[in-house]
$ cat final24.tsv   # TSV, C-alpha atoms (C1' of nucleotides)
chain	number	residue	atom	x	y	z
B	145	MET	CA	-86.07	188.70	64.04
B	146	SER	CA	-84.55	188.60	67.53
B	147	SER	CA	-86.66	188.99	70.63
B	148	ALA	CA	-85.76	192.47	71.75
B	149	PRO	CA	-85.52	192.83	75.51
B	150	ARG	CA	-87.97	195.03	77.31
B	151	SER	CA	-85.36	197.56	78.32
B	152	LEU	CA	-81.72	198.24	78.98
B	153	ASP	CA	-79.80	197.76	82.18
B	154	ALA	CA	-78.15	200.64	83.99
B	155	VAL	CA	-74.73	199.98	82.51
B	156	GLN	CA	-76.06	199.93	78.98
B	157	LEU	CA	-77.92	203.16	79.56
B	158	GLY	CA	-74.78	204.70	80.96
B	159	ALA	CA	-72.74	203.64	77.97
B	160	TYR	CA	-75.35	204.90	75.55
B	161	PHE	CA	-75.77	208.30	77.18
B	162	ALA	CA	-72.05	208.77	77.62
B	163	LEU	CA	-71.45	207.88	73.99
B	164	ILE	CA	-74.03	210.28	72.66
B	165	GLU	CA	-73.14	213.09	74.98
B	166	ALA	CA	-69.39	212.79	74.68
B	167	SER	CA	-69.51	212.67	70.91
B	168	SER	CA	-71.94	215.54	70.84
B	169	LEU	CA	-69.78	217.74	73.04
B	170	LEU	CA	-66.67	216.81	71.13
B	171	ARG	CA	-68.22	217.40	67.77
B	172	HIS	CA	-69.60	220.72	68.84
B	173	ALA	CA	-66.21	221.90	70.04
B	174	VAL	CA	-64.41	220.66	66.97
B	175	ASP	CA	-67.02	222.20	64.73
B	176	GLN	CA	-66.43	225.58	66.29
B	177	GLN	CA	-62.69	225.31	65.93
B	178	LEU	CA	-63.03	224.36	62.27
B	179	HIS	CA	-65.32	227.28	61.59
B	180	GLU	CA	-63.00	229.72	63.29
B	181	ALA	CA	-59.78	228.39	61.84
B	182	GLY	CA	-60.90	227.65	58.30
B	183	ASP	CA	-64.58	228.42	57.84
B	184	LEU	CA	-65.31	224.74	57.46
B	185	SER	CA	-68.25	222.76	58.75
B	186	TYR	CA	-67.51	219.40	60.28
B	187	VAL	CA	-68.93	217.57	57.29
B	188	GLN	CA	-66.83	219.63	54.91
B	189	PHE	CA	-63.75	218.86	56.95
B	190	GLN	CA	-64.55	215.17	56.87
B	191	LEU	CA	-64.91	215.25	53.11
B	192	LEU	CA	-61.66	217.14	52.64
B	193	ALA	CA	-59.83	214.87	55.05
B	194	THR	CA	-61.17	211.80	53.28
B	195	LEU	CA	-59.97	213.12	49.95
B	196	GLY	CA	-56.66	214.08	51.46
B	197	ASP	CA	-56.08	210.48	52.47
B	198	ALA	CA	-57.30	209.00	49.22
B	199	PRO	CA	-54.82	207.95	46.53
B	200	GLY	CA	-54.40	210.85	44.15
B	201	GLY	CA	-56.65	212.93	46.37
B	202	SER	CA	-59.59	211.64	44.37
B	203	ARG	CA	-62.78	209.73	44.98
B	204	ARG	CA	-66.02	209.10	43.18
B	205	MET	CA	-69.02	210.94	44.58
B	206	THR	CA	-70.74	207.75	45.62
B	207	ASP	CA	-67.70	206.37	47.41
B	208	LEU	CA	-67.16	209.67	49.11
B	209	ALA	CA	-70.48	209.62	50.90
B	210	ASP	CA	-69.57	206.61	53.01
B	211	GLY	CA	-70.40	207.36	56.60
B	212	VAL	CA	-70.14	211.09	56.20
B	213	VAL	CA	-73.34	212.04	54.50
B	214	TYR	CA	-76.64	210.24	54.34
B	215	SER	CA	-78.20	211.43	51.12
B	216	ARG	CA	-76.97	211.97	47.60
B	217	SER	CA	-78.30	215.45	47.32
B	218	GLY	CA	-76.58	216.31	50.57
B	219	LEU	CA	-73.28	215.30	49.11
B	220	THR	CA	-73.91	217.23	45.91
B	221	TYR	CA	-74.65	220.29	48.01
B	222	GLN	CA	-71.44	220.00	49.99
B	223	ALA	CA	-69.34	219.21	46.95
B	224	GLN	CA	-70.69	222.30	45.21
B	225	THR	CA	-69.93	224.44	48.20
B	226	LEU	CA	-66.37	223.15	48.38
B	227	GLU	CA	-65.93	223.57	44.64
B	228	LYS	CA	-67.09	227.18	44.74
B	229	ARG	CA	-64.38	227.86	47.26
B	230	GLY	CA	-61.82	226.09	45.08
B	231	LEU	CA	-61.09	223.44	47.68
B	232	VAL	CA	-62.06	220.55	45.41
B	233	SER	CA	-62.51	220.05	41.68
B	234	ARG	CA	-64.97	217.81	39.94
B	235	ALA	CA	-64.68	216.05	36.61
B	236	PRO	CA	-66.44	213.17	34.87
B	237	SER	CA	-64.70	209.85	35.47
B	238	ARG	CA	-62.93	208.36	32.49
B	239	ASP	CA	-64.01	204.76	33.01
B	240	ASP	CA	-67.65	205.46	33.77
B	241	GLU	CA	-69.16	208.54	32.21
B	242	ARG	CA	-71.93	208.60	34.76
B	243	SER	CA	-69.66	209.15	37.72
B	244	ILE	CA	-67.98	212.28	38.86
B	245	THR	CA	-64.51	212.19	40.34
B	246	VAL	CA	-63.90	214.67	43.11
B	247	THR	CA	-60.34	215.77	43.76
B	248	ILE	CA	-58.89	217.91	46.52
B	249	THR	CA	-56.97	220.94	45.23
B	250	ASP	CA	-53.75	222.43	46.56
B	251	GLU	CA	-55.84	225.11	48.15
B	252	GLY	CA	-57.95	222.41	49.75
B	253	ARG	CA	-54.85	220.83	51.21
B	254	ALA	CA	-53.72	224.24	52.42
B	255	VAL	CA	-56.95	224.78	54.32
B	256	LEU	CA	-56.63	221.32	55.78
B	257	ALA	CA	-53.11	222.10	56.96
B	258	GLN	CA	-54.20	225.43	58.34
B	259	VAL	CA	-56.96	223.88	60.35
B	260	PHE	CA	-55.20	220.77	61.52
B	261	PRO	CA	-53.08	221.92	64.48
B	262	GLY	CA	-56.05	223.49	66.21
B	263	HIS	CA	-58.09	220.44	65.46
B	264	VAL	CA	-55.55	218.20	67.12
B	265	ALA	CA	-55.30	220.56	70.05
B	266	VAL	CA	-59.03	220.37	70.71
B	267	LEU	CA	-58.92	216.60	70.62
B	268	GLU	CA	-56.01	216.55	73.02
B	269	GLU	CA	-57.62	218.92	75.47
B	270	LEU	CA	-61.11	217.57	75.33
B	271	LEU	CA	-60.90	213.88	74.58
B	272	PHE	CA	-57.44	212.53	75.27
B	273	ALA	CA	-56.56	214.59	78.32
B	274	ALA	CA	-58.91	212.52	80.45
B	275	LEU	CA	-57.80	209.15	79.08
B	276	SER	CA	-54.75	206.98	79.53
B	277	PRO	CA	-53.04	205.48	76.48
B	278	SER	CA	-54.53	202.17	77.44
B	279	ASP	CA	-57.99	203.74	77.64
B	280	VAL	CA	-57.56	205.08	74.15
B	281	GLU	CA	-56.51	201.72	72.88
B	282	THR	CA	-59.48	200.02	74.49
B	283	LEU	CA	-61.83	202.66	73.21
B	284	ALA	CA	-60.52	202.32	69.69
B	285	GLU	CA	-60.89	198.57	69.75
B	286	ILE	CA	-64.44	198.52	71.08
B	287	LEU	CA	-65.78	201.41	69.05
B	288	THR	CA	-64.22	200.15	65.85
B	289	ARG	CA	-66.01	196.88	66.36
B	290	ALA	CA	-69.25	198.70	67.04
B	291	ARG	CA	-68.85	200.91	64.00
B	292	ASP	CA	-68.07	198.03	61.69
B	293	HIS	CA	-71.12	196.22	62.92
B	294	MET	CA	-73.35	199.24	62.36
B	295	ARG	CA	-72.00	199.75	58.90
B	296	GLN	CA	-72.94	196.31	57.72
B	297	ALA	CA	-76.18	196.23	59.64
B	298	PRO	CA	-79.21	196.38	57.41
B	299	PRO	CA	-80.34	200.00	57.43
B	300	ARG	CA	-83.89	199.88	58.76
B	301	SER	CA	-85.32	202.22	56.20
B	302	ALA	CA	-82.23	203.72	54.75
B	303	ALA	CA	-80.77	202.76	51.38
B	304	PRO	CA	-82.18	205.98	49.90
B	305	ARG	CA	-82.61	204.81	46.36
B	306	ARG	CA	-82.17	201.05	46.11
B	307	ARG	CA	-85.51	200.56	47.70
B	308	ARG	CA	-87.70	202.76	45.59
B	309	LYS	CA	-88.47	200.35	42.82
B	310	ALA	CA	-92.08	199.97	43.87
B	311	ALA	CA	-92.87	203.65	43.68
B	312	ARG	CA	-92.45	203.84	39.94
B	313	ALA	CA	-94.87	200.99	39.33
B	314	ALA	CA	-97.45	202.68	41.51
B	315	ARG	CA	-97.41	205.77	39.33
B	316	ALA	CA	-98.40	203.85	36.19
M	119	MET	CA	-51.49	226.53	78.17
M	120	SER	CA	-50.16	223.04	77.47
M	121	SER	CA	-47.78	222.32	74.64
M	122	ALA	CA	-50.02	220.60	72.14
M	123	PRO	CA	-48.32	217.76	70.25
M	124	ARG	CA	-47.84	218.06	66.54
M	125	SER	CA	-50.23	215.24	65.69
M	126	LEU	CA	-51.97	212.16	66.92
M	127	ASP	CA	-50.77	208.59	66.84
M	128	ALA	CA	-52.57	205.90	64.89
M	129	VAL	CA	-54.43	204.56	67.89
M	130	GLN	CA	-55.71	207.98	68.85
M	131	LEU	CA	-56.86	208.61	65.32
M	132	GLY	CA	-58.59	205.27	65.29
M	133	ALA	CA	-60.39	206.01	68.54
M	134	TYR	CA	-61.43	209.44	67.35
M	135	PHE	CA	-62.77	208.30	64.00
M	136	ALA	CA	-64.52	205.32	65.48
M	137	LEU	CA	-66.14	207.50	68.12
M	138	ILE	CA	-67.41	210.04	65.64
M	139	GLU	CA	-68.55	207.56	63.09
M	140	ALA	CA	-70.17	205.12	65.49
M	141	SER	CA	-72.09	207.85	67.25
M	142	SER	CA	-73.08	209.37	63.95
M	143	LEU	CA	-74.42	206.11	62.56
M	144	LEU	CA	-76.19	205.34	65.80
M	145	ARG	CA	-77.73	208.73	66.09
M	146	HIS	CA	-78.91	208.68	62.51
M	147	ALA	CA	-80.58	205.32	62.96
M	148	VAL	CA	-82.19	206.31	66.23
M	149	ASP	CA	-83.34	209.58	64.78
M	150	GLN	CA	-85.15	207.77	62.00
M	151	GLN	CA	-86.81	205.38	64.39
M	152	LEU	CA	-87.98	208.25	66.57
M	153	HIS	CA	-89.43	210.10	63.60
M	154	GLU	CA	-91.26	207.06	62.35
M	155	ALA	CA	-92.54	205.91	65.71
M	156	GLY	CA	-93.45	209.23	67.25
M	157	ASP	CA	-92.58	212.10	64.93
M	158	LEU	CA	-89.86	213.21	67.31
M	159	SER	CA	-86.44	214.56	66.51
M	160	TYR	CA	-83.56	213.27	68.55
M	161	VAL	CA	-83.27	216.51	70.46
M	162	GLN	CA	-86.96	216.52	71.25
M	163	PHE	CA	-86.67	212.97	72.50
M	164	GLN	CA	-83.76	213.91	74.70
M	165	LEU	CA	-85.71	216.78	76.18
M	166	LEU	CA	-88.77	214.65	76.85
M	167	ALA	CA	-86.64	211.86	78.29
M	168	THR	CA	-84.84	214.30	80.55
M	169	LEU	CA	-88.13	215.65	81.81
M	170	GLY	CA	-89.48	212.14	82.22
M	171	ASP	CA	-86.65	211.33	84.60
M	172	ALA	CA	-86.82	214.61	86.50
M	173	PRO	CA	-88.64	214.80	89.83
M	174	GLY	CA	-92.19	215.93	89.12
M	175	GLY	CA	-91.45	215.80	85.41
M	176	SER	CA	-90.31	219.40	85.66
M	177	ARG	CA	-87.21	221.40	85.01
M	178	ARG	CA	-86.26	225.02	84.53
M	179	MET	CA	-85.46	226.01	80.97
M	180	THR	CA	-81.85	226.77	81.79
M	181	ASP	CA	-81.28	223.48	83.56
M	182	LEU	CA	-82.94	221.62	80.75
M	183	ALA	CA	-80.43	222.72	78.15
M	184	ASP	CA	-77.55	220.87	79.76
M	185	GLY	CA	-75.72	218.94	77.11
M	186	VAL	CA	-78.73	218.69	74.82
M	187	VAL	CA	-78.87	222.09	73.21
M	188	TYR	CA	-76.21	224.69	72.77
M	189	SER	CA	-78.11	227.96	72.63
M	190	ARG	CA	-80.96	229.49	74.54
M	191	SER	CA	-82.98	230.31	71.51
M	192	GLY	CA	-82.61	226.76	70.32
M	193	LEU	CA	-84.17	225.52	73.50
M	194	THR	CA	-86.99	228.03	73.30
M	195	TYR	CA	-87.69	226.83	69.79
M	196	GLN	CA	-87.85	223.19	70.79
M	197	ALA	CA	-89.88	223.90	73.90
M	198	GLN	CA	-92.41	225.80	71.82
M	199	THR	CA	-92.61	223.00	69.32
M	200	LEU	CA	-93.22	220.45	72.06
M	201	GLU	CA	-95.75	222.70	73.75
M	202	LYS	CA	-97.74	223.15	70.55
M	203	ARG	CA	-98.05	219.39	70.37
M	204	GLY	CA	-99.14	219.24	73.97
M	205	LEU	CA	-96.18	217.15	75.05
M	206	VAL	CA	-94.94	219.67	77.60
M	207	SER	CA	-96.42	222.63	79.44
M	208	ARG	CA	-94.67	225.78	80.51
M	209	ALA	CA	-95.35	228.05	83.44
M	210	PRO	CA	-93.48	230.74	85.34
M	211	SER	CA	-91.60	229.39	88.33
M	212	ARG	CA	-92.97	230.33	91.71
M	213	ASP	CA	-89.68	231.03	93.44
M	214	ASP	CA	-88.08	233.03	90.64
M	215	GLU	CA	-90.42	234.97	88.40
M	216	ARG	CA	-87.82	235.14	85.68
M	217	SER	CA	-87.62	231.41	85.12
M	218	ILE	CA	-89.97	229.13	83.28
M	219	THR	CA	-90.67	225.65	84.51
M	220	VAL	CA	-91.20	223.08	81.81
M	221	THR	CA	-93.24	220.01	82.65
M	222	ILE	CA	-93.89	216.87	80.66
M	223	THR	CA	-97.59	216.15	80.16
M	224	ASP	CA	-99.39	212.82	80.22
M	225	GLU	CA	-99.44	212.95	76.46
M	226	GLY	CA	-95.73	213.56	76.49
M	227	ARG	CA	-95.22	210.48	78.59
M	228	ALA	CA	-97.46	208.53	76.27
M	229	VAL	CA	-95.37	209.46	73.25
M	230	LEU	CA	-92.26	208.51	75.18
M	231	ALA	CA	-93.74	205.12	75.98
M	232	GLN	CA	-94.85	204.65	72.41
M	233	VAL	CA	-91.42	205.33	71.07
M	234	PHE	CA	-89.37	203.54	73.68
M	235	PRO	CA	-89.52	199.87	72.66
M	236	GLY	CA	-88.35	200.61	69.15
M	237	HIS	CA	-85.67	202.88	70.52
M	238	VAL	CA	-84.32	200.12	72.70
M	239	ALA	CA	-84.51	197.68	69.82
M	240	VAL	CA	-82.35	199.88	67.63
M	241	LEU	CA	-79.79	200.21	70.38
M	242	GLU	CA	-79.72	196.48	70.89
M	243	GLU	CA	-79.36	195.69	67.22
M	244	LEU	CA	-76.91	198.37	66.33
M	245	LEU	CA	-74.80	199.08	69.38
M	246	PHE	CA	-75.02	196.27	71.90
M	247	ALA	CA	-75.21	193.33	69.52
M	248	ALA	CA	-71.53	193.69	68.70
M	249	LEU	CA	-70.40	194.17	72.30
M	250	SER	CA	-69.99	191.88	75.27
M	251	PRO	CA	-71.34	192.94	78.66
M	252	SER	CA	-67.80	193.61	79.72
M	253	ASP	CA	-67.23	195.79	76.66
M	254	VAL	CA	-70.29	197.80	77.55
M	255	GLU	CA	-69.06	198.24	81.08
M	256	THR	CA	-65.65	199.37	79.91
M	257	LEU	CA	-67.17	201.70	77.36
M	258	ALA	CA	-69.43	203.25	79.96
M	259	GLU	CA	-66.57	203.81	82.35
M	260	ILE	CA	-64.23	205.42	79.83
M	261	LEU	CA	-66.79	207.53	78.02
M	262	THR	CA	-68.33	208.75	81.24
M	263	ARG	CA	-64.92	209.96	82.31
M	264	ALA	CA	-64.39	211.62	78.96
M	265	ARG	CA	-67.80	213.26	79.05
M	266	ASP	CA	-67.36	214.58	82.55
M	267	HIS	CA	-64.04	216.04	81.58
M	268	MET	CA	-65.49	217.74	78.53
M	269	ARG	CA	-68.35	219.15	80.50
M	270	GLN	CA	-66.13	220.95	82.92
M	271	ALA	CA	-63.58	221.92	80.33
M	272	PRO	CA	-63.56	225.62	79.59
M	273	PRO	CA	-65.63	226.09	76.45
M	274	ARG	CA	-63.25	227.71	73.99
M	275	SER	CA	-65.70	230.27	72.77
M	276	ALA	CA	-68.91	228.90	74.08
M	277	ALA	CA	-70.68	230.26	77.12
M	278	PRO	CA	-73.13	232.06	74.81
M	279	ARG	CA	-73.96	234.91	77.09
M	280	ARG	CA	-71.56	235.03	79.99
M	281	ARG	CA	-68.86	236.32	77.72
M	282	ARG	CA	-70.59	239.14	75.94
M	283	LYS	CA	-70.00	241.90	78.44
M	284	ALA	CA	-67.59	243.73	76.14
M	285	ALA	CA	-70.04	243.97	73.26
M	286	ARG	CA	-72.34	246.34	75.09
M	287	ALA	CA	-69.56	248.77	75.88
M	288	ALA	CA	-68.52	248.82	72.25
M	289	ARG	CA	-71.96	249.97	71.17
M	290	ALA	CA	-71.86	253.08	73.34
N	180	DT	C1'	-83.89	198.58	33.69
N	181	DA	C1'	-80.47	200.05	37.12
N	182	DT	C1'	-77.06	203.41	38.44
N	183	DT	C1'	-74.82	208.10	38.91
N	184	DG	C1'	-75.51	212.52	39.94
N	185	DT	C1'	-78.21	217.08	39.84
N	186	DT	C1'	-82.04	220.15	40.67
N	187	DA	C1'	-86.03	222.15	42.88
N	188	DT	C1'	-88.20	222.58	46.89
N	189	DA	C1'	-89.62	222.52	51.43
N	190	DC	C1'	-88.45	222.02	56.02
N	191	DT	C1'	-85.85	221.60	60.36
N	192	DC	C1'	-82.62	223.29	63.13
N	193	DT	C1'	-79.24	226.54	64.93
N	194	DA	C1'	-77.19	230.90	66.22
N	195	DT	C1'	-76.75	235.97	66.90
N	196	DA	C1'	-78.38	240.09	68.43
N	197	DA	C1'	-81.78	242.95	70.30
N	198	DC	C1'	-85.28	243.07	73.58
N	199	DT	C1'	-88.29	242.54	78.03
N	200	DA	C1'	-88.72	241.59	82.69
N	201	DT	C1'	-87.27	240.11	87.09
N	202	DA	C1'	-83.34	239.78	90.98
K	91	DT	C1'	-75.79	245.17	86.64
K	92	DA	C1'	-76.62	240.24	85.87
K	93	DT	C1'	-79.81	236.59	84.79
K	94	DA	C1'	-84.00	234.13	82.42
K	95	DG	C1'	-86.25	233.76	78.52
K	96	DT	C1'	-88.26	235.31	73.88
K	97	DT	C1'	-88.27	237.15	69.27
K	98	DA	C1'	-86.74	238.26	64.70
K	99	DT	C1'	-84.07	236.89	61.34
K	100	DA	C1'	-80.92	234.78	58.59
K	101	DG	C1'	-78.22	230.86	57.18
K	102	DA	C1'	-76.72	226.07	56.99
K	103	DG	C1'	-77.95	221.64	56.29
K	104	DT	C1'	-80.99	217.75	55.03
K	105	DA	C1'	-84.25	214.92	52.56
K	106	DT	C1'	-87.62	213.73	48.91
K	107	DA	C1'	-89.02	213.46	44.43
K	108	DA	C1'	-88.51	214.28	39.69
K	109	DC	C1'	-85.19	214.45	36.29
K	110	DA	C1'	-81.21	213.54	32.67
K	111	DA	C1'	-77.63	210.76	31.14
K	112	DT	C1'	-74.95	206.68	30.94
K	113	DA	C1'	-74.31	201.28	31.51
$ encode --input "final24.tsv" --output "C-alpha cells"
Amino acid sequence: MSSAPRSLDAVQLGAYFALIEASSLLRHAVDQQLHEAGDLSYVQFQLLATLGDAPGGSRRMTDLADGVVYSRSGLTYQAQTLEKRGLVSRAPSRDDERSITVTITDEGRAVLAQVFPGHVAVLEELLFAALSPSDVETLAEILTRARDHMRQAPPRSAAPRRRRKAARAARA
Amino acid sequence: MSSAPRSLDAVQLGAYFALIEASSLLRHAVDQQLHEAGDLSYVQFQLLATLGDAPGGSRRMTDLADGVVYSRSGLTYQAQTLEKRGLVSRAPSRDDERSITVTITDEGRAVLAQVFPGHVAVLEELLFAALSPSDVETLAEILTRARDHMRQAPPRSAAPRRRRKAARAARA
DNA sequence: TATTGTTATACTCTATAACTATA
DNA sequence: TATAGTTATAGAGTATAACAATA
C-alpha cells in the first residue's frame, strides 16, 4: 500500500482533465460517424476491427473482451447483435468445447471498409490536425506506457468472476 | 474541405488506440470508485466538481453542459437526479427568467469531499504511477491543445438544436 | 472445482421530438 | 423568431446473479 498524496498538482489535474475531455469529445464524434456511416456503435466497431486484425479473422469470446468490454454478458450481447446482422459468425471451438470462436464475415469486413474512410477523416480533423508528427509520436509513447500499466494493474474490484468464490460458500 | 488521407500511419494508430484505451480503462476504474465511495456516476461527479469550482457554486444549466453532457435532456435528467438526492438545488435565474441556476449544496460538497481522496488515489495508482513529472507535463500540454481544437471544431452533426430550423418548415 | 459462455432481469443513461415560457 | 429548459418515450448498453456444459 503506497501513501497516496493528499491531492494532485495543477499540471496533473490539467493532464487528467484534458485526457478525459479530449477522449470523450473524440469518442463522441467518432461514434456519430460510425452510426451514420454504418449503423455501428463504437464498441461494435472495436470488436469488428479487432477481429479484422486477428489471424483468420477469429478470436475466442474471452480473448475478444480485452479492453473493449468489461463484462461477459456485455460481450455476449454485442456478439449476438453483430451476428444477427451477419457481421460475425460464432461456432464452438474445436480444441475446447466450452469456448466459442467468433469470426468476422465478408459482410463484416465490407461494413468495416465502408466506415473506415470517414473514421479516418474524423481522426484527422479532430485529433491530428492540432498536433505535429512529433506530438503524435510523444503522445503514443506516453499513453502506451500508461495503458500498459493500467492493464496489468490489479483491478480494484474488477475481475468479474474470478473473485466470487466466497459467494457460493455463503449460500450453503 | 481538406483532402483526407487514405489512412493513418502506424504511429498515429498507436496514439489513437492508446488514447482511447487508456481513457477507457481509467474512466472505468474511476467510475467504480465513485460508485463505491459516494454512489455517483462519473457524469454526476463531473457536474458536482464543475459546480464546486464555479464562483458561488452556481452555474446556468446551459453553461453546465459544456463538455460533460451532449444533450439538453441528458443534463435535465442528471440535474434532477442530483436534486432528488439534495446534492444540488435549482432556481430560476434572476436576470433571465428562462434560465435555471444550479447550485451545489453543502451536502453536495460533503459527498465531493468524501469521494475525493479515493478518486485521487485511483489516478495516482493507475495514471500517474507510470509517468514521470515531465511526461505529465508533456501530456497536459499536448492533450490540452487537442481538446481545445476539438471544442472549437465544427460539430459534424452535433449542435442539437441550432440546426433544426428546417424541420419545423417541413411539418407545415 | 474452475472455466466458458448464456440468459433473465433490472437499471442507468442517452437522444429525439414535442412542448412551455421567456427574450 | 430564437433561446432555456422540461417531458415523454423509446432504445442502447451494462452489470449481476443464476444457470448449463465442458475441462
$ closest_atom_pairs --input "final24.tsv" --of "chain B" --to "chain K" --cutoff "10 Å" --atoms "all atoms listed in the file" --output "tab-separated table"
residue	atom	partner	partner_atom	distance
B:Ser185	CA	K:DA102	C1'	9.3
B:Val187	CA	K:DG103	C1'	9.9
B:Val213	CA	K:DT104	C1'	9.6
B:Tyr214	CA	K:DT104	C1'	8.7
B:Ser215	CA	K:DA105	C1'	7.1
B:Arg216	CA	K:DA105	C1'	9.3
B:Ser217	CA	K:DA105	C1'	7.9
B:Gly218	CA	K:DT104	C1'	6.4
B:Tyr221	CA	K:DG103	C1'	9.0
B:Gln222	CA	K:DG103	C1'	9.2
B:Asp240	CA	K:DT112	C1'	7.9
B:Glu241	CA	K:DT112	C1'	6.2
B:Arg242	CA	K:DT112	C1'	5.2
B:Ser243	CA	K:DT112	C1'	8.9
B:Pro304	CA	K:DT106	C1'	9.5
$ write_last_selection --input "final24.tsv" --atoms "C-alpha atoms" --output "PDB file, in the frame of the given file"
ATOM      1  CA  SER B 185     -68.250 222.760  58.750  1.00  0.00           C
ATOM      2  CA  VAL B 187     -68.930 217.570  57.290  1.00  0.00           C
ATOM      3  CA  VAL B 213     -73.340 212.040  54.500  1.00  0.00           C
ATOM      4  CA  TYR B 214     -76.640 210.240  54.340  1.00  0.00           C
ATOM      5  CA  SER B 215     -78.200 211.430  51.120  1.00  0.00           C
ATOM      6  CA  ARG B 216     -76.970 211.970  47.600  1.00  0.00           C
ATOM      7  CA  SER B 217     -78.300 215.450  47.320  1.00  0.00           C
ATOM      8  CA  GLY B 218     -76.580 216.310  50.570  1.00  0.00           C
ATOM      9  CA  TYR B 221     -74.650 220.290  48.010  1.00  0.00           C
ATOM     10  CA  GLN B 222     -71.440 220.000  49.990  1.00  0.00           C
ATOM     11  CA  ASP B 240     -67.650 205.460  33.770  1.00  0.00           C
ATOM     12  CA  GLU B 241     -69.160 208.540  32.210  1.00  0.00           C
ATOM     13  CA  ARG B 242     -71.930 208.600  34.760  1.00  0.00           C
ATOM     14  CA  SER B 243     -69.660 209.150  37.720  1.00  0.00           C
ATOM     15  CA  PRO B 304     -82.180 205.980  49.900  1.00  0.00           C
TER      16      PRO B 304
END
$ atom_distance --input "final24.tsv" --atom1 "atom CA of M:Val186" --atom2 "atom CA of B:Gly262"
24.7 Å
$ closest_atom_pairs --input "final24.tsv" --of "chain N" --to "chain M" --cutoff "10 Å" --atoms "only C-alpha atoms (C1' of nucleotides)" --output "CSV"
residue,atom,partner,partner_atom,distance
N:DT191,C1',M:Ser159,CA,9.4
N:DC192,C1',M:Gly192,CA,8.0
N:DT193,C1',M:Gly192,CA,6.4
N:DA194,C1',M:Ser189,CA,7.1
N:DT195,C1',M:Pro278,CA,9.5
N:DA200,C1',M:Arg216,CA,7.2
N:DT201,C1',M:Arg216,CA,5.2
N:DA202,C1',M:Asp214,CA,8.3
$ closest_residue --input "final24.tsv" --among "M:Ser250, M:Ala133, M:Leu126, M:Leu200" --to "chain B" --atoms "all atoms listed in the file"
M:Ala133
$ interface_residues --input "final24.tsv" --of "chain B" --to "chain M" --cutoff "8 Å" --atoms "only C-alpha atoms" --output "PyMOL selection string"
chain B and resi 148-152+155-156+158-160+162-167+169-171+173+211-212+261+264-265+268+270-272+274-275+279-281+283-291+293-295+297+299-300
$ decode --input "final24.tsv" --residues "stretch 266-289 of chain B" --atoms "C-alpha atoms" --output "PDB file, in the first residue's frame"
ATOM      1  CA  VAL B 266     -12.735  12.402 -38.248  1.00  0.00           C
ATOM      2  CA  LEU B 267      -9.485  11.468 -36.575  1.00  0.00           C
ATOM      3  CA  GLU B 268      -7.540  13.678 -38.932  1.00  0.00           C
ATOM      4  CA  GLU B 269      -9.798  16.653 -38.470  1.00  0.00           C
ATOM      5  CA  LEU B 270     -10.342  16.367 -34.778  1.00  0.00           C
ATOM      6  CA  LEU B 271      -7.255  14.809 -33.271  1.00  0.00           C
ATOM      7  CA  PHE B 272      -4.304  15.032 -35.628  1.00  0.00           C
ATOM      8  CA  ALA B 273      -4.990  18.425 -37.158  1.00  0.00           C
ATOM      9  CA  ALA B 274      -3.886  20.139 -33.968  1.00  0.00           C
ATOM     10  CA  LEU B 275      -0.779  18.004 -33.444  1.00  0.00           C
ATOM     11  CA  SER B 276       2.620  17.839 -35.073  1.00  0.00           C
ATOM     12  CA  PRO B 277       4.054  14.463 -36.082  1.00  0.00           C
ATOM     13  CA  SER B 278       6.382  14.720 -33.138  1.00  0.00           C
ATOM     14  CA  ASP B 279       3.442  15.408 -30.825  1.00  0.00           C
ATOM     15  CA  VAL B 280       1.747  12.295 -32.080  1.00  0.00           C
ATOM     16  CA  GLU B 281       4.845  10.263 -31.505  1.00  0.00           C
ATOM     17  CA  THR B 282       5.229  11.573 -27.982  1.00  0.00           C
ATOM     18  CA  LEU B 283       1.581  11.013 -27.255  1.00  0.00           C
ATOM     19  CA  ALA B 284       1.736   7.452 -28.489  1.00  0.00           C
ATOM     20  CA  GLU B 285       4.776   6.695 -26.389  1.00  0.00           C
ATOM     21  CA  ILE B 286       3.414   8.125 -23.151  1.00  0.00           C
ATOM     22  CA  LEU B 287      -0.124   6.846 -23.485  1.00  0.00           C
ATOM     23  CA  THR B 288       1.004   3.391 -24.482  1.00  0.00           C
ATOM     24  CA  ARG B 289       3.051   3.230 -21.330  1.00  0.00           C
TER      25      ARG B 289
END
